[in-house]
Amino acid sequence: MCSLATNLLLPSKMKPVFPEKLSTSSLCVTTRRSKMKNRSIVPVARLFGPAIFEASKLKVLFLGVDEKKHPAKLPRTYTLTHSDITAKLTLAISQSINNSQLQGWANKLFRDEVVGEWKKVKGKMSLHVHCHISGGHFLLNLIAKLRYYIFCKELPVVLEAFAHGDEYLLNNHPELQESPVWVYFHSNIPEYNKVECWGPLWEAMSQHQHDGRTHKKSETLPELPCPDECKCCFPTVSTIPWSHRHYQHTAADENVADGLLGISIPNPGKSKG
């Protein structure tokens, strides 16, 4: 996951065509040229391992959250990380980001975690997922385009991990499968600092062959909760400290963008998301 090195893969079948009467030396030269001509170079990188979800590689932790309770009754946040050593995913389901998962130099440097939260806005449930593309380290800036592509490709696996880890909740509240998924890409590069709507949860999870272009791009931001205390919105303040940066851009927001998730927390009074 944290090794974002690009591997160059060659096609399994090469079919150079040569006349049988060519000399051995000519054959060698022609073969080399033919291979160079027909070589297909494909960049491949993984954040969360294989693009197919494997339940056996998922470890789920419930931290202070009743898995039977509807997310509109209790802040429900997902923190998903991957181990390069064990090749396993760890999903924490809690009331806020599980910062203990994000410790260690690898997590702090590569920022490959994905966090999400259920929100109720104007009485409608939605899942908000956040990915850090760039900012905080110059290496991330250099490969922002690649990171955006990889996150897009791997997000269906991430959403499946959320759904499988919290399957009791979804089985008891199947209406959540119809809730829209909003994906926030956080970057110090405007091109990759965006919000996208991936449609209802069941649809967003099914895009195994997602190529970064087939999902629905949002022309508007998700609806904001009511400005005053109400019963139709929950939670009143986002459990993810950097979630508001797509609504307004301030100096405080820059500190969050360049800092580490869970370390620099903006003033809740300034947050509208």
# chains A, B, ... in the order shown; residues from 1 in each chain; ligands from 1

$ residues_around --residues "A:Cys232" --least-positions-apart "2" --cutoff "9 Å" --atoms "only C-alpha atoms" --output "count of residues only"
9

$ atom_distance --atom1 "atom CA of A:Lys57" --atom2 "atom CA of A:Lys69"
25.1 Å

$ residues_around --residues "stretch 129-145 of chain A" --least-positions-apart "6" --cutoff "6 Å" --atoms "only C-alpha atoms" --output "MDAnalysis selection string"
chainID A and resid 114:116 183:188 258:259

$ write_last_selection --atoms "all heavy atoms" --output "compact mmCIF listing (two decimals), in the first residue's frame"
# COMPACT_ATOMS: atom_id res chain seq x y z
N VAL A 114 -8.26 5.64 4.58
CA VAL A 114 -9.54 6.15 4.10
C VAL A 114 -10.47 6.21 5.30
O VAL A 114 -10.57 5.25 6.06
CB VAL A 114 -10.15 5.25 3.00
CG1 VAL A 114 -11.54 5.76 2.61
CG2 VAL A 114 -9.25 5.19 1.79
N VAL A 115 -11.13 7.34 5.47
CA VAL A 115 -12.06 7.49 6.59
C VAL A 115 -13.43 7.87 6.04
O VAL A 115 -13.55 8.49 4.98
CB VAL A 115 -11.56 8.54 7.60
CG1 VAL A 115 -10.25 8.10 8.24
CG2 VAL A 115 -11.36 9.90 6.93
N GLY A 116 -14.44 7.48 6.77
CA GLY A 116 -15.80 7.78 6.33
C GLY A 116 -16.73 7.96 7.51
O GLY A 116 -16.44 7.50 8.62
N VAL A 183 -17.72 11.25 -2.08
CA VAL A 183 -16.29 11.00 -1.93
C VAL A 183 -15.54 12.33 -2.02
O VAL A 183 -15.66 13.05 -3.01
CB VAL A 183 -15.76 10.03 -3.01
CG1 VAL A 183 -14.27 9.76 -2.78
CG2 VAL A 183 -16.55 8.73 -2.99
N TYR A 184 -14.79 12.64 -0.97
CA TYR A 184 -14.02 13.88 -0.89
C TYR A 184 -12.55 13.55 -1.14
O TYR A 184 -11.95 12.77 -0.40
CB TYR A 184 -14.15 14.52 0.48
CG TYR A 184 -15.55 14.90 0.90
CD1 TYR A 184 -16.50 13.92 1.21
CD2 TYR A 184 -15.92 16.23 1.02
CE1 TYR A 184 -17.78 14.27 1.62
CE2 TYR A 184 -17.20 16.60 1.43
CZ TYR A 184 -18.13 15.61 1.72
OH TYR A 184 -19.38 15.95 2.12
N PHE A 185 -11.98 14.15 -2.16
CA PHE A 185 -10.55 14.01 -2.42
C PHE A 185 -9.87 15.30 -1.94
O PHE A 185 -10.18 16.38 -2.44
CB PHE A 185 -10.29 13.80 -3.92
CG PHE A 185 -10.89 12.52 -4.44
CD1 PHE A 185 -12.12 12.53 -5.08
CD2 PHE A 185 -10.24 11.31 -4.29
CE1 PHE A 185 -12.69 11.37 -5.57
CE2 PHE A 185 -10.80 10.13 -4.76
CZ PHE A 185 -12.02 10.16 -5.41
N HIS A 186 -8.97 15.16 -0.99
CA HIS A 186 -8.32 16.32 -0.40
C HIS A 186 -6.92 16.48 -0.97
O HIS A 186 -6.10 15.56 -0.91
CB HIS A 186 -8.25 16.17 1.12
CG HIS A 186 -9.60 16.12 1.77
ND1 HIS A 186 -10.24 17.24 2.23
CD2 HIS A 186 -10.43 15.08 2.03
CE1 HIS A 186 -11.41 16.90 2.75
NE2 HIS A 186 -11.56 15.59 2.64
N SER A 187 -6.65 17.64 -1.53
CA SER A 187 -5.36 17.88 -2.16
C SER A 187 -5.03 19.37 -2.13
O SER A 187 -5.92 20.21 -2.15
CB SER A 187 -5.36 17.38 -3.61
OG SER A 187 -4.17 17.71 -4.28
N ASN A 188 -3.74 19.68 -2.09
CA ASN A 188 -3.31 21.07 -2.21
C ASN A 188 -3.21 21.49 -3.67
O ASN A 188 -2.87 22.63 -3.98
CB ASN A 188 -1.97 21.28 -1.51
CG ASN A 188 -0.88 20.39 -2.08
OD1 ASN A 188 -1.15 19.43 -2.79
ND2 ASN A 188 0.38 20.71 -1.76
N ASP A 258 -2.02 20.44 5.43
CA ASP A 258 -0.60 20.13 5.46
C ASP A 258 -0.21 19.32 6.68
O ASP A 258 0.90 18.83 6.78
CB ASP A 258 0.23 21.43 5.44
CG ASP A 258 0.07 22.15 4.11
OD1 ASP A 258 -0.21 21.46 3.12
OD2 ASP A 258 0.21 23.38 4.08
N GLY A 259 -1.10 19.21 7.65
CA GLY A 259 -0.78 18.44 8.85
C GLY A 259 -1.16 16.99 8.70
O GLY A 259 -1.44 16.50 7.62

$ select_by_dssp --residues "stretch 95-145 of chain A" --states "strand (DSSP E or B)" --output "ChimeraX atom specification"
/A:114-121,124-132

$ closest_residue --among "A:Ser56, A:Tyr148, A:Val65, A:Lys73" --to "A:Ala87" --atoms "only C-alpha atoms"
A:Ser56

$ closest_residue --among "A:Tyr192, A:Trp198, A:Trp242, A:Trp182" --to "A:Glu223" --atoms "only C-alpha atoms"
A:Trp182
